[in-house]
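Pasting protein-v4.csv here (CSV, C-alpha atoms):
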chain,number,residue,atom,x,y,z
A,1275,MET,CA,80.6,224.3,50.3
A,1276,GLN,CA,79.8,227.7,48.8
A,1277,ILE,CA,77.8,227.9,45.6
A,1278,LYS,CA,78.1,230.8,43.2
A,1279,THR,CA,76.6,231.5,39.8
A,1280,TYR,CA,78.6,233.2,37.0
A,1281,THR,CA,77.3,234.5,33.6
A,1282,GLY,CA,79.1,235.6,30.5
A,1283,ARG,CA,78.7,235.8,26.7
A,1284,ASN,CA,80.0,232.2,26.3
A,1285,ALA,CA,81.4,229.3,28.2
A,1286,THR,CA,85.1,230.3,27.7
A,1287,ALA,CA,84.5,233.8,29.2
A,1288,VAL,CA,82.6,232.3,32.2
A,1289,LEU,CA,85.4,229.8,32.8
A,1290,ALA,CA,88.0,232.5,32.7
A,1291,LYS,CA,86.1,234.6,35.2
A,1292,ILE,CA,85.7,231.5,37.6
A,1293,LYS,CA,89.4,230.7,37.3
A,1294,ALA,CA,90.4,234.2,38.0
A,1295,GLU,CA,88.2,234.6,41.1
A,1296,LEU,CA,88.1,231.1,42.7
A,1297,GLY,CA,91.2,229.4,41.3
A,1298,PRO,CA,91.5,225.7,40.4
A,1299,ASP,CA,89.5,224.4,43.5
A,1300,ALA,CA,86.1,225.4,42.1
A,1301,VAL,CA,83.8,222.6,41.0
A,1302,ILE,CA,81.4,223.2,38.1
A,1303,LEU,CA,77.9,222.0,39.2
A,1304,SER,CA,75.9,223.0,36.2
A,1305,SER,CA,76.3,224.7,32.9
A,1306,ARG,CA,73.7,225.9,30.5
A,1307,GLU,CA,72.9,228.3,27.6
A,1308,CYS,CA,70.3,230.9,28.4
A,1309,ARG,CA,68.2,232.8,25.9
A,1310,GLU,CA,65.8,235.7,26.4
A,1311,GLY,CA,64.5,237.2,23.2
A,1312,ASP,CA,67.4,238.0,21.0
A,1313,ARG,CA,69.8,238.0,23.9
A,1314,THR,CA,71.9,234.9,24.7
A,1315,TRP,CA,74.4,234.2,27.5
A,1316,HIS,CA,76.0,231.3,29.3
A,1317,GLU,CA,75.5,230.5,33.0
A,1318,MET,CA,77.5,228.3,35.2
A,1319,SER,CA,77.0,227.3,38.9
A,1320,VAL,CA,80.2,226.4,40.7
A,1321,GLY,CA,80.9,225.2,44.2
A,1322,ILE,CA,84.0,225.6,46.3
A,1323,GLU,CA,84.7,224.1,49.7
A,1324,HIS,CA,86.3,227.1,51.3
A,1325,ALA,CA,85.8,230.9,51.2
A,1326,ALA,CA,88.0,232.2,48.4
A,1327,ALA,CA,89.2,235.7,48.6
A,1328,PRO,CA,88.3,237.7,45.5
A,1329,GLY,CA,91.1,238.0,43.0
A,1330,VAL,CA,93.2,235.4,44.9
A,1331,ALA,CA,93.5,232.0,43.2
A,1332,GLY,CA,92.6,229.2,45.6
A,1333,GLY,CA,91.5,231.6,48.4
A,1334,SER,CA,92.6,231.0,52.0
A,1335,ALA,CA,92.5,227.8,54.0
A,1336,ALA,CA,89.5,227.5,56.2
A,1337,SER,CA,89.0,225.4,59.3
A,1338,GLY,CA,87.8,221.9,58.8
A,1339,GLY,CA,84.2,221.2,58.9
A,1340,PRO,CA,81.6,218.8,57.4
A,1341,GLY,CA,82.6,218.5,53.8
A,1342,GLY,CA,85.2,221.3,54.0
A,1343,PRO,CA,89.0,221.1,53.8
A,1344,VAL,CA,91.2,220.2,56.7
A,1345,PRO,CA,94.0,222.4,58.0
A,1346,PRO,CA,97.6,221.3,57.4
A,1347,GLY,CA,98.8,218.5,59.5
A,1348,TRP,CA,95.2,217.4,60.5
A,1349,GLU,CA,95.6,213.8,59.4
A,1350,GLU,CA,98.9,213.4,61.4
A,1351,TRP,CA,97.3,215.0,64.5
A,1352,HIS,CA,94.2,212.9,64.2
A,1353,ARG,CA,96.3,209.7,63.9
A,1354,GLU,CA,98.4,210.6,67.0
A,1355,TRP,CA,95.2,211.5,69.0
A,1356,SER,CA,93.7,208.1,68.0
A,1357,GLN,CA,96.7,206.3,69.3
A,1358,MET,CA,96.7,208.3,72.6
A,1359,LYS,CA,93.0,207.5,73.0
A,1360,GLU,CA,93.6,203.8,72.6
A,1361,HIS,CA,96.4,203.9,75.2
A,1362,LEU,CA,94.2,205.8,77.6
A,1363,PHE,CA,91.4,203.3,77.3
A,1364,ALA,CA,93.9,200.4,77.7
A,1365,LEU,CA,95.0,202.0,81.0
A,1366,MET,CA,91.6,202.8,82.2
A,1367,LYS,CA,89.8,199.6,81.4
A,1368,PRO,CA,91.5,197.4,84.1
A,1369,ALA,CA,90.6,200.1,86.6
A,1370,LEU,CA,86.8,199.7,86.0
A,1371,ARG,CA,85.2,198.4,89.2
A,1372,MET,CA,82.9,195.7,87.9
A,1373,GLU,CA,82.1,194.8,91.5
A,1374,ASP,CA,80.2,198.1,91.7
A,1375,LEU,CA,77.6,196.7,89.3
A,1376,THR,CA,74.8,194.3,90.0
A,1377,PRO,CA,75.3,190.8,88.5
A,1378,ARG,CA,72.7,191.6,85.8
A,1379,GLN,CA,74.4,194.8,84.9
A,1380,ARG,CA,77.9,193.2,84.9
A,1381,VAL,CA,76.8,190.3,82.6
A,1382,ALA,CA,75.2,192.8,80.1
A,1383,LEU,CA,78.2,195.0,80.0
A,1384,GLU,CA,80.6,192.1,79.5
A,1385,TYR,CA,78.4,190.8,76.7
A,1386,LEU,CA,78.4,194.2,74.9
A,1387,THR,CA,82.2,194.4,75.1
A,1388,ARG,CA,82.4,191.0,73.5
A,1389,GLU,CA,79.9,192.1,70.9
A,1390,GLY,CA,82.3,194.8,69.7
A,1391,VAL,CA,81.0,197.9,71.6
A,1392,ASP,CA,83.6,200.6,71.7
A,1393,ASP,CA,85.6,201.1,74.9
A,1394,GLY,CA,84.5,204.7,75.2
A,1395,VAL,CA,80.8,203.7,75.0
A,1396,ALA,CA,81.4,200.8,77.5
A,1397,MET,CA,83.0,203.2,80.0
A,1398,THR,CA,80.0,205.6,79.6
A,1399,LEU,CA,77.6,202.8,80.4
A,1400,HIS,CA,79.7,201.7,83.4
A,1401,ARG,CA,79.8,205.2,84.8
A,1402,ARG,CA,76.0,205.5,84.6
A,1403,LEU,CA,75.2,202.0,85.9
A,1404,ALA,CA,77.7,202.3,88.8
A,1405,ALA,CA,76.0,205.5,89.9
A,1406,ASP,CA,72.6,203.8,90.2
A,1407,SER,CA,72.4,200.1,91.2
A,1408,GLY,CA,68.8,200.0,89.9
A,1409,ALA,CA,69.5,201.5,86.5
A,1410,SER,CA,68.6,199.4,83.5
A,1411,VAL,CA,71.1,198.7,80.8
A,1412,LEU,CA,68.5,199.1,78.2
A,1413,GLU,CA,67.5,202.5,79.4
A,1414,ALA,CA,71.2,203.6,79.3
A,1415,LEU,CA,71.5,202.2,75.8
A,1416,ALA,CA,68.3,204.0,74.7
A,1417,ASP,CA,70.0,207.4,75.5
A,1418,ILE,CA,73.0,206.4,73.4
A,1419,VAL,CA,71.1,204.8,70.5
A,1420,PRO,CA,68.1,207.0,69.6
A,1421,VAL,CA,65.3,205.5,67.5
A,1422,ARG,CA,62.8,207.1,65.1
A,1423,GLY,CA,61.0,204.4,63.1
A,1424,TRP,CA,60.4,204.9,59.4
A,1425,GLY,CA,56.9,206.1,58.6
A,1426,LEU,CA,54.9,209.1,57.2
A,1427,ALA,CA,54.2,210.6,60.6
A,1428,ALA,CA,57.8,210.3,62.0
A,1429,TRP,CA,59.4,211.5,58.8
A,1430,PRO,CA,57.2,214.3,57.3
A,1431,GLN,CA,59.9,215.7,55.0
A,1432,ARG,CA,59.0,215.6,51.3
A,1433,ALA,CA,62.5,214.7,50.0
A,1434,HIS,CA,64.6,211.9,51.4
A,1435,VAL,CA,68.1,211.4,50.3
A,1436,PHE,CA,69.8,208.0,50.7
A,1437,ALA,CA,73.6,208.1,50.9
A,1438,GLY,CA,76.2,205.5,51.7
A,1439,PRO,CA,79.2,203.6,50.3
A,1440,PHE,CA,79.1,201.5,47.2
A,1441,GLY,CA,77.6,198.1,47.9
A,1442,ALA,CA,76.0,199.1,51.1
A,1443,GLY,CA,72.5,198.3,49.8
A,1444,LYS,CA,71.2,201.8,49.3
A,1445,THR,CA,69.1,201.1,46.2
A,1446,THR,CA,67.5,198.0,47.8
A,1447,ALA,CA,66.9,199.7,51.1
A,1448,MET,CA,65.3,202.8,49.4
A,1449,LEU,CA,62.9,200.5,47.4
A,1450,ARG,CA,61.9,198.7,50.5
A,1451,MET,CA,61.3,201.9,52.4
A,1452,ALA,CA,59.2,203.3,49.4
A,1453,LEU,CA,57.1,200.1,49.4
A,1454,ALA,CA,56.6,200.5,53.2
A,1455,LEU,CA,55.3,204.0,52.6
A,1456,ARG,CA,53.0,202.7,49.9
A,1457,ARG,CA,51.6,200.1,52.2
A,1458,GLU,CA,51.0,202.7,54.8
A,1459,LYS,CA,49.2,205.0,52.4
A,1460,PRO,CA,48.2,203.3,49.1
A,1461,ASP,CA,47.3,206.5,47.2
A,1462,LEU,CA,50.6,208.3,48.1
A,1463,LYS,CA,52.5,209.5,45.0
A,1464,ILE,CA,56.1,208.4,45.4
A,1465,VAL,CA,58.9,209.5,43.0
A,1466,LEU,CA,62.2,207.5,42.9
A,1467,VAL,CA,65.1,209.7,41.7
A,1468,ASN,CA,68.2,207.9,40.5
A,1469,ALA,CA,71.2,210.2,40.9
A,1470,ASP,CA,73.6,207.3,40.5
A,1471,CYS,CA,73.3,207.3,36.7
A,1472,GLY,CA,76.7,205.8,36.0
A,1473,ARG,CA,75.7,202.4,37.4
A,1474,GLY,CA,73.4,200.3,35.2
A,1475,HIS,CA,72.4,197.7,37.8
A,1476,GLY,CA,70.8,200.3,40.2
A,1477,ARG,CA,69.0,202.0,37.3
A,1478,LEU,CA,67.5,198.7,36.0
A,1479,LEU,CA,66.4,197.7,39.5
A,1480,LEU,CA,64.7,201.0,40.3
A,1481,LYS,CA,63.0,201.2,36.9
A,1482,HIS,CA,61.8,197.6,37.2
A,1483,TYR,CA,60.2,198.0,40.7
A,1484,ALA,CA,58.9,201.4,39.8
A,1485,GLU,CA,56.9,199.9,37.0
A,1486,LEU,CA,55.7,197.0,39.1
A,1487,SER,CA,54.7,199.1,42.1
A,1488,ASP,CA,53.2,202.1,40.3
A,1489,LEU,CA,56.0,204.4,41.4
A,1490,VAL,CA,57.4,207.3,39.3
A,1491,TYR,CA,61.0,206.9,38.1
A,1492,ARG,CA,63.2,209.8,37.2
A,1493,GLU,CA,66.9,210.5,36.8
A,1494,ALA,CA,68.9,213.5,37.8
A,1495,SER,CA,72.6,214.2,37.8
A,1496,THR,CA,72.6,218.0,38.2
A,1497,ALA,CA,70.8,220.6,40.2
A,1498,ALA,CA,68.9,221.8,37.1
A,1499,GLU,CA,67.6,218.3,36.4
A,1500,PHE,CA,66.5,217.8,40.0
A,1501,ALA,CA,64.7,221.2,40.0
A,1502,ALA,CA,62.9,220.1,36.8
A,1503,ILE,CA,61.7,217.0,38.5
A,1504,LEU,CA,60.3,219.0,41.4
A,1505,ARG,CA,58.4,221.2,39.0
A,1506,GLU,CA,57.2,218.3,37.0
A,1507,CYS,CA,55.8,216.4,40.1
A,1508,PRO,CA,54.2,219.1,42.3
A,1509,ASP,CA,51.8,216.5,43.7
A,1510,ALA,CA,54.4,214.0,44.8
A,1511,GLY,CA,54.0,213.2,48.5
A,1512,ARG,CA,57.5,211.7,48.9
A,1513,ILE,CA,60.6,212.0,46.7
A,1514,LEU,CA,63.3,209.4,47.4
A,1515,VAL,CA,66.8,210.1,46.0
A,1516,ASP,CA,69.4,207.4,45.5
A,1517,LEU,CA,72.9,209.1,45.7
A,1518,PRO,CA,76.0,207.6,44.3
A,1519,GLY,CA,78.8,206.5,46.7
A,1520,VAL,CA,81.3,209.2,47.7
A,1521,ALA,CA,84.8,208.8,46.4
A,1522,ARG,CA,87.7,208.5,48.8
A,1523,ASP,CA,88.7,212.1,48.4
A,1524,GLY,CA,85.1,213.4,48.2
A,1525,SER,CA,82.4,214.3,50.7
A,1526,LEU,CA,78.7,214.0,51.0
A,1527,ALA,CA,78.4,217.8,51.1
A,1528,ARG,CA,79.8,217.9,47.5
A,1529,GLN,CA,77.4,215.2,46.4
A,1530,LEU,CA,74.4,217.1,47.8
A,1531,ALA,CA,75.6,220.4,46.2
A,1532,ILE,CA,75.7,218.8,42.8
A,1533,LEU,CA,71.9,218.2,43.1
A,1534,GLY,CA,71.3,221.6,44.6
A,1535,LEU,CA,70.7,220.2,48.0
A,1536,SER,CA,73.3,222.1,50.0
A,1537,GLY,CA,72.2,222.4,53.6
A,1538,ALA,CA,69.9,219.3,53.1
A,1539,GLY,CA,68.4,218.3,56.4
A,1540,ALA,CA,68.7,221.8,57.9
A,1541,GLY,CA,65.0,222.3,58.1
A,1542,ASN,CA,64.3,222.7,54.4
A,1543,GLY,CA,62.0,219.7,53.9
A,1544,VAL,CA,64.9,217.3,53.1
A,1545,ALA,CA,66.2,214.5,55.3
A,1546,VAL,CA,69.4,212.5,54.6
A,1547,HIS,CA,69.5,208.9,55.5
A,1548,LEU,CA,72.9,207.2,55.9
A,1549,VAL,CA,72.8,203.6,54.8
A,1550,LEU,CA,75.4,201.3,56.3
A,1551,PRO,CA,76.0,197.6,56.8
A,1552,PRO,CA,77.4,196.6,60.2
A,1553,HIS,CA,80.3,194.6,58.7
A,1554,HIS,CA,82.9,197.3,58.6
A,1555,GLY,CA,85.7,197.5,61.2
A,1556,PRO,CA,86.1,200.4,63.6
A,1557,ALA,CA,88.7,202.2,61.5
A,1558,GLN,CA,86.7,201.9,58.3
A,1559,MET,CA,83.5,203.0,60.0
A,1560,THR,CA,85.3,206.1,61.4
A,1561,ALA,CA,86.5,207.0,57.9
A,1562,LEU,CA,83.0,206.6,56.5
A,1563,LEU,CA,81.4,208.8,59.1
A,1564,ALA,CA,83.9,211.5,58.4
A,1565,ARG,CA,83.3,211.2,54.6
A,1566,TYR,CA,79.5,211.2,55.0
A,1567,ALA,CA,79.2,213.9,57.7
A,1568,PHE,CA,76.3,216.3,57.3
A,1569,GLU,CA,74.3,218.7,59.4
A,1570,GLY,CA,70.6,218.6,59.9
A,1571,THR,CA,67.8,216.0,60.0
A,1572,GLY,CA,68.7,212.5,59.1
A,1573,SER,CA,68.9,208.9,60.3
A,1574,LEU,CA,70.8,205.6,60.1
A,1575,VAL,CA,69.5,202.7,58.0
A,1576,TRP,CA,71.2,199.4,58.8
A,1577,THR,CA,71.3,196.9,55.9
A,1578,LYS,CA,72.5,193.3,55.4
A,1579,LEU,CA,71.8,192.5,59.0
A,1580,ASP,CA,71.4,188.8,58.1
A,1581,GLU,CA,75.0,188.7,57.0
A,1582,ALA,CA,76.5,190.1,60.3
A,1583,CYS,CA,77.8,188.0,63.1
A,1584,THR,CA,78.1,190.8,65.7
A,1585,PHE,CA,76.1,194.0,66.1
A,1586,GLY,CA,78.2,196.3,68.3
A,1587,ALA,CA,78.5,198.7,65.4
A,1588,LEU,CA,74.9,199.7,65.9
A,1589,VAL,CA,75.8,201.2,69.2
A,1590,ASN,CA,79.2,202.6,68.2
A,1591,VAL,CA,78.0,204.5,65.1
A,1592,ALA,CA,74.9,205.9,66.9
A,1593,ALA,CA,77.1,207.1,69.7
A,1594,ALA,CA,79.6,208.7,67.2
A,1595,CYS,CA,77.1,210.6,65.0
A,1596,GLY,CA,74.0,211.0,67.2
A,1597,LEU,CA,71.6,210.0,64.4
A,1598,PRO,CA,68.5,208.0,65.2
A,1599,VAL,CA,68.0,204.6,63.7
A,1600,SER,CA,65.0,204.6,61.3
A,1601,ALA,CA,65.0,201.2,59.6
A,1602,LEU,CA,66.4,197.7,59.7
A,1603,SER,CA,66.9,195.9,56.4
A,1604,TYR,CA,67.8,192.2,56.0
A,1605,GLY,CA,67.3,189.3,53.6
A,1606,PRO,CA,67.5,189.1,49.8
A,1607,GLY,CA,63.8,189.7,48.8
A,1608,MET,CA,61.6,192.8,48.8
A,1609,ARG,CA,58.8,191.4,50.9
A,1610,ASN,CA,59.1,191.0,54.7
A,1611,SER,CA,62.7,192.2,54.6
A,1612,LEU,CA,62.5,195.6,56.2
A,1613,ALA,CA,61.2,196.8,59.6
A,1614,ALA,CA,60.8,200.2,61.1
A,1615,ALA,CA,63.3,200.6,63.9
A,1616,SER,CA,62.1,200.2,67.4
A,1617,ASP,CA,63.8,199.8,70.8
A,1618,ALA,CA,62.6,196.2,71.2
A,1619,ALA,CA,63.8,195.2,67.7
A,1620,LEU,CA,67.2,196.7,68.3
A,1621,TRP,CA,67.7,195.1,71.7
A,1622,ARG,CA,66.6,191.7,70.3
A,1623,LEU,CA,69.1,192.1,67.5
A,1624,LEU,CA,71.9,193.2,69.8
A,1625,PHE,CA,71.4,190.8,72.7
A,1626,LYS,CA,69.8,187.8,71.0
A,1627,ARG,CA,71.0,188.3,67.5
A,1628,GLN,CA,67.4,187.9,66.4
A,1629,LEU,CA,66.3,189.6,63.2
A,1630,PRO,CA,63.0,191.5,63.2
A,1631,GLY,CA,61.4,189.0,60.9
A,1632,GLU,CA,62.5,185.9,62.8
A,1633,VAL,CA,60.4,184.0,65.3
A,1634,PRO,CA,62.4,182.8,68.3
A,1635,ALA,CA,62.9,179.1,68.1
A,1636,ARG,CA,61.3,177.1,70.8
A,1637,ALA,CA,62.9,174.0,72.3
A,1638,GLU,CA,61.0,170.9,71.4
A,1639,PRO,CA,59.7,168.8,74.3
A,1640,ARG,CA,61.5,165.6,75.0
A,1641,PRO,CA,59.5,162.6,73.8
A,1642,ALA,CA,58.0,160.6,76.6
A,1643,ALA,CA,59.5,157.2,77.2
A,1644,ARG,CA,57.4,154.3,75.9
A,1645,VAL,CA,56.7,151.8,78.6
A,1646,ALA,CA,56.1,148.2,77.6
A,1647,ALA,CA,55.0,145.5,79.9
A,1648,GLN,CA,57.7,142.9,80.4
A,1649,PRO,CA,57.7,139.7,82.4
A,1650,ASP,CA,59.3,139.4,85.8
A,1651,GLY,CA,59.0,143.2,86.5
A,1652,GLN,CA,61.2,144.3,83.6
A,1653,ILE,CA,60.5,147.6,81.7
A,1654,GLY,CA,61.5,147.8,78.1
A,1655,GLY,CA,64.1,145.1,78.4
A,1656,GLN,CA,65.7,146.8,81.5
A,1657,THR,CA,65.7,145.5,85.0
A,1658,ALA,CA,63.2,147.2,87.2
A,1659,ILE,CA,64.4,148.4,90.6
A,1660,ARG,CA,61.7,148.2,93.2
A,1661,PRO,CA,61.7,149.6,96.7
A,1662,GLY,CA,62.2,146.1,98.1
A,1663,GLY,CA,65.6,145.6,96.5
A,1664,LEU,CA,67.0,144.2,93.2
A,1665,ARG,CA,65.7,141.3,91.2
A,1666,SER,CA,68.2,140.3,88.6
A,1667,GLU,CA,70.3,137.2,87.9
A,1668,GLY,CA,73.9,137.2,89.2
A,1669,ILE,CA,73.6,140.5,91.2
A,1670,ARG,CA,73.2,140.5,95.0
A,1671,PRO,CA,71.8,143.5,96.8
A,1672,GLU,CA,74.7,143.5,99.2
A,1673,GLY,CA,77.2,143.9,96.3
A,1674,ILE,CA,75.9,147.4,95.5
A,1675,ARG,CA,77.2,150.5,97.2
A,1676,THR,CA,75.0,153.5,97.9
A,1677,ASP,CA,76.4,155.4,94.9
A,1678,GLY,CA,75.2,152.7,92.5
A,1679,ILE,CA,78.7,151.3,91.7
A,1680,SER,CA,79.6,147.8,92.9
A,1681,ALA,CA,82.5,147.5,95.3
A,1682,GLY,CA,84.1,144.9,93.2
A,1683,THR,CA,84.1,147.2,90.2
A,1684,ARG,CA,85.8,150.0,92.2
A,1685,SER,CA,88.6,147.8,93.3
A,1686,ALA,CA,89.2,146.5,89.8
A,1687,VAL,CA,89.8,149.9,88.3
A,1688,GLY,CA,92.2,151.0,91.1
A,1689,ALA,CA,89.8,153.1,93.1
A,1690,ARG,CA,89.9,153.1,96.8
A,1691,PRO,CA,87.4,150.8,98.4
Represent the structure from my file as structure tokens, please.
Amino acid sequence: MQIKTYTGRNATAVLAKIKAELGPDAVILSSRECREGDRTWHEMSVGIEHAAAPGVAGGSAASGGPGGPVPPGWEEWHREWSQMKEHLFALMKPALRMEDLTPRQRVALEYLTREGVDDGVAMTLHRRLAADSGASVLEALADIVPVRGWGLAAWPQRAHVFAGPFGAGKTTAMLRMALALRREKPDLKIVLVNADCGRGHGRLLLKHYAELSDLVYREASTAAEFAAILRECPDAGRILVDLPGVARDGSLARQLAILGLSGAGAGNGVAVHLVLPPHHGPAQMTALLARYAFEGTGSLVWTKLDEACTFGALVNVAAACGLPVSALSYGPGMRNSLAAASDAALWRLLFKRQLPGEVPARAEPRPAARVAAQPDGQIGGQTAIRPGGLRSEGIRPEGIRTDGISAGTRSAVGARP
């Protein structure tokens, strides 16, 4: 998205200039009246998702990119390519030589396939494991699923933007991660910025916990308001921004541009964290990754892990976008409900379905049989069998076969003697 600023004597004149140069595709990001002495003018910042030729309404179509428009016929071509890829995988899958893997590798790969790991990822793992019989499945997975645990040292950026679909748990995850930073450094000044001002629940939740935890709460819906927060809080160690969900026809790039964060994550002290639950199906997850695509520094934050039944999406999404996993969020409360991501925590979640806060259940030992002394060699009311033979009324030792079933009983039920 390109951002340009226009000025004029009033709003009407500025809008006419924008429409003449950029056409109807321009998006107004901010509008304000400016005054300097006796002189007044109007200023507007606008964004457009493709390079518009001066004097030509709408400009020219640009090639598709993160947050940009797609060329004509892109969706149809993408749908056909997806079908072709599925057919290719269906033909290639039976040809995988599982016998080339060690038993341990084969069991792990079959488990990952049942867990929902994408066919393309499974084939990548098979190719690597087949090339080296001593290769570890976890080592191969570590190259596909990078990890950078949440913390001050690992994430030194001052501003952290949390993006994701509505209902993904962005607000809760951001609060949990802010509290984790506060535990790591109690005197750190943390500012919570609510950019999703249209939803009352998130606003009340952020304000409530900001007051309880001595965090600074602010709201910003435009680039000018966000810039004012930066000027107001120069001593803030971390600024966490809760973005609203992106509409179906929108993009994360446009959301970032509204707050003046175009190019966020590209080495300018801002990191973008994509917050997702693992419940979505493959088609929905692919659409979300296209809508929330961005360039630069960022991570994946997995939420609602306690509600998931499979965790193959953790591998699929990391392989598709290349982002490291920074945090794992689970449970309803604020305490003991978030863990910084680590390889061990991910593999326990993937292979054992064990949440980071859970302690593995131990099998209880079987109670020892209580032995009570009985007359005539009986134990607990049962007949005791001694090395010397059997001592019980009505049962002769010669009527018992070696397998413990009497010969008469076998014949009675039709078995061969």
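By chain and then residue number, the residues within 6 Å of segment 1586-1589 of chain A are Glu1389, Gly1390, Val1391 and Pro1552 of chain A, counting all atoms listed in the file and disregarding those fewer than 4 positions away in sequence.
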Query raised in the report: So which residues touch Ser1573 of chain A within 8 Å, counting all atoms listed in the file, skipping near sequence neighbours fewer than 6 positions away, as a ChimeraX atom specification?
Result: /A:1422,1545-1548,1597-1600
How far is it from atom CA of His1553 of chain A to atom CA of Glu1581 of chain A, in Å with one decimal?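 Computed distance, atom CA of His1553 of chain A to atom CA of Glu1581 of chain A, equals 8.1 Å.
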Please determine, counting all atoms listed in the file, which residue among A:Arg1627, A:Lys1463, A:Arg1306, A:Lys1293 has the shortest atom-to-atom distance to Cys1583 of chain A.
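Closest candidate: A:Arg1627.
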re atom CA of Glu1569 of chain A and atom CA of Ser1319 of chain A: distance 22.4 Å
Near Leu1514 of chain A, counting all atoms listed in the file, which residues have an atom at most 10 Å away, once you skip same-chain residues fewer than 3 positions from it, shown as a compact mmCIF listing (two decimals) with C-alpha atoms, in the coordinates of the input?
# COMPACT_ATOMS: atom_id res chain seq x y z
CA ARG A 1432 59.00 215.60 51.30
CA ALA A 1433 62.50 214.70 50.00
CA HIS A 1434 64.60 211.90 51.40
CA VAL A 1435 68.10 211.40 50.30
CA PHE A 1436 69.80 208.00 50.70
CA MET A 1448 65.30 202.80 49.40
CA LEU A 1449 62.90 200.50 47.40
CA MET A 1451 61.30 201.90 52.40
CA ALA A 1452 59.20 203.30 49.40
CA ILE A 1464 56.10 208.40 45.40
CA VAL A 1465 58.90 209.50 43.00
CA LEU A 1466 62.20 207.50 42.90
CA VAL A 1467 65.10 209.70 41.70
CA ASN A 1468 68.20 207.90 40.50
CA TYR A 1491 61.00 206.90 38.10
CA LEU A 1517 72.90 209.10 45.70
CA VAL A 1544 64.90 217.30 53.10
CA ALA A 1545 66.20 214.50 55.30
CA VAL A 1546 69.40 212.50 54.60
Do you know which residues are at most 12 Å from Leu1579 of chain A counting only C-alpha atoms, after dropping those on the same chain fewer than 3 positions away, and could you put them as a PDB file with C-alpha atoms, keeping the file's coordinate frame?
ATOM      1  CA  ALA A1442      76.000 199.100  51.100  1.00  0.00           C
ATOM      2  CA  GLY A1443      72.500 198.300  49.800  1.00  0.00           C
ATOM      3  CA  ALA A1447      66.900 199.700  51.100  1.00  0.00           C
ATOM      4  CA  VAL A1549      72.800 203.600  54.800  1.00  0.00           C
ATOM      5  CA  LEU A1550      75.400 201.300  56.300  1.00  0.00           C
ATOM      6  CA  PRO A1551      76.000 197.600  56.800  1.00  0.00           C
ATOM      7  CA  PRO A1552      77.400 196.600  60.200  1.00  0.00           C
ATOM      8  CA  HIS A1553      80.300 194.600  58.700  1.00  0.00           C
ATOM      9  CA  VAL A1575      69.500 202.700  58.000  1.00  0.00           C
ATOM     10  CA  TRP A1576      71.200 199.400  58.800  1.00  0.00           C
ATOM     11  CA  ALA A1582      76.500 190.100  60.300  1.00  0.00           C
ATOM     12  CA  CYS A1583      77.800 188.000  63.100  1.00  0.00           C
ATOM     13  CA  THR A1584      78.100 190.800  65.700  1.00  0.00           C
ATOM     14  CA  PHE A1585      76.100 194.000  66.100  1.00  0.00           C
ATOM     15  CA  GLY A1586      78.200 196.300  68.300  1.00  0.00           C
ATOM     16  CA  ALA A1587      78.500 198.700  65.400  1.00  0.00           C
ATOM     17  CA  LEU A1588      74.900 199.700  65.900  1.00  0.00           C
ATOM     18  CA  ALA A1601      65.000 201.200  59.600  1.00  0.00           C
ATOM     19  CA  LEU A1602      66.400 197.700  59.700  1.00  0.00           C
ATOM     20  CA  SER A1603      66.900 195.900  56.400  1.00  0.00           C
ATOM     21  CA  TYR A1604      67.800 192.200  56.000  1.00  0.00           C
ATOM     22  CA  GLY A1605      67.300 189.300  53.600  1.00  0.00           C
ATOM     23  CA  PRO A1606      67.500 189.100  49.800  1.00  0.00           C
ATOM     24  CA  SER A1611      62.700 192.200  54.600  1.00  0.00           C
ATOM     25  CA  LEU A1612      62.500 195.600  56.200  1.00  0.00           C
ATOM     26  CA  ALA A1613      61.200 196.800  59.600  1.00  0.00           C
ATOM     27  CA  LEU A1620      67.200 196.700  68.300  1.00  0.00           C
ATOM     28  CA  LEU A1623      69.100 192.100  67.500  1.00  0.00           C
ATOM     29  CA  LEU A1624      71.900 193.200  69.800  1.00  0.00           C
ATOM     30  CA  ARG A1627      71.000 188.300  67.500  1.00  0.00           C
ATOM     31  CA  GLN A1628      67.400 187.900  66.400  1.00  0.00           C
ATOM     32  CA  LEU A1629      66.300 189.600  63.200  1.00  0.00           C
ATOM     33  CA  PRO A1630      63.000 191.500  63.200  1.00  0.00           C
ATOM     34  CA  GLY A1631      61.400 189.000  60.900  1.00  0.00           C
TER      35      GLY A1631
END
In terms of all atoms listed in the file, the residue from A:Ile1418, A:Ala1615, A:Ala1494, A:Ala1404 at minimal distance from Cys1595 of chain A is A:Ile1418
Query raised in the report: To one decimal place, how far is atom CA of Glu1506 of chain A from atom CA of Gly1572 of chain A in Å?
Result: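 That distance, rounded to one decimal, is 25.6 Å.
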Exercise for review: Counting only C-alpha atoms, select every polymer residue within 10 Å of (78.1, 199.6, 79.9) as defined in the file's coordinates, and provide the selection as JSON, numbers by chain.
Suggested key: {"A": [1375, 1379, 1380, 1381, 1382, 1383, 1384, 1385, 1386, 1387, 1391, 1392, 1393, 1394, 1395, 1396, 1397, 1398, 1399, 1400, 1401, 1402, 1403, 1404, 1411, 1412, 1414, 1415]}
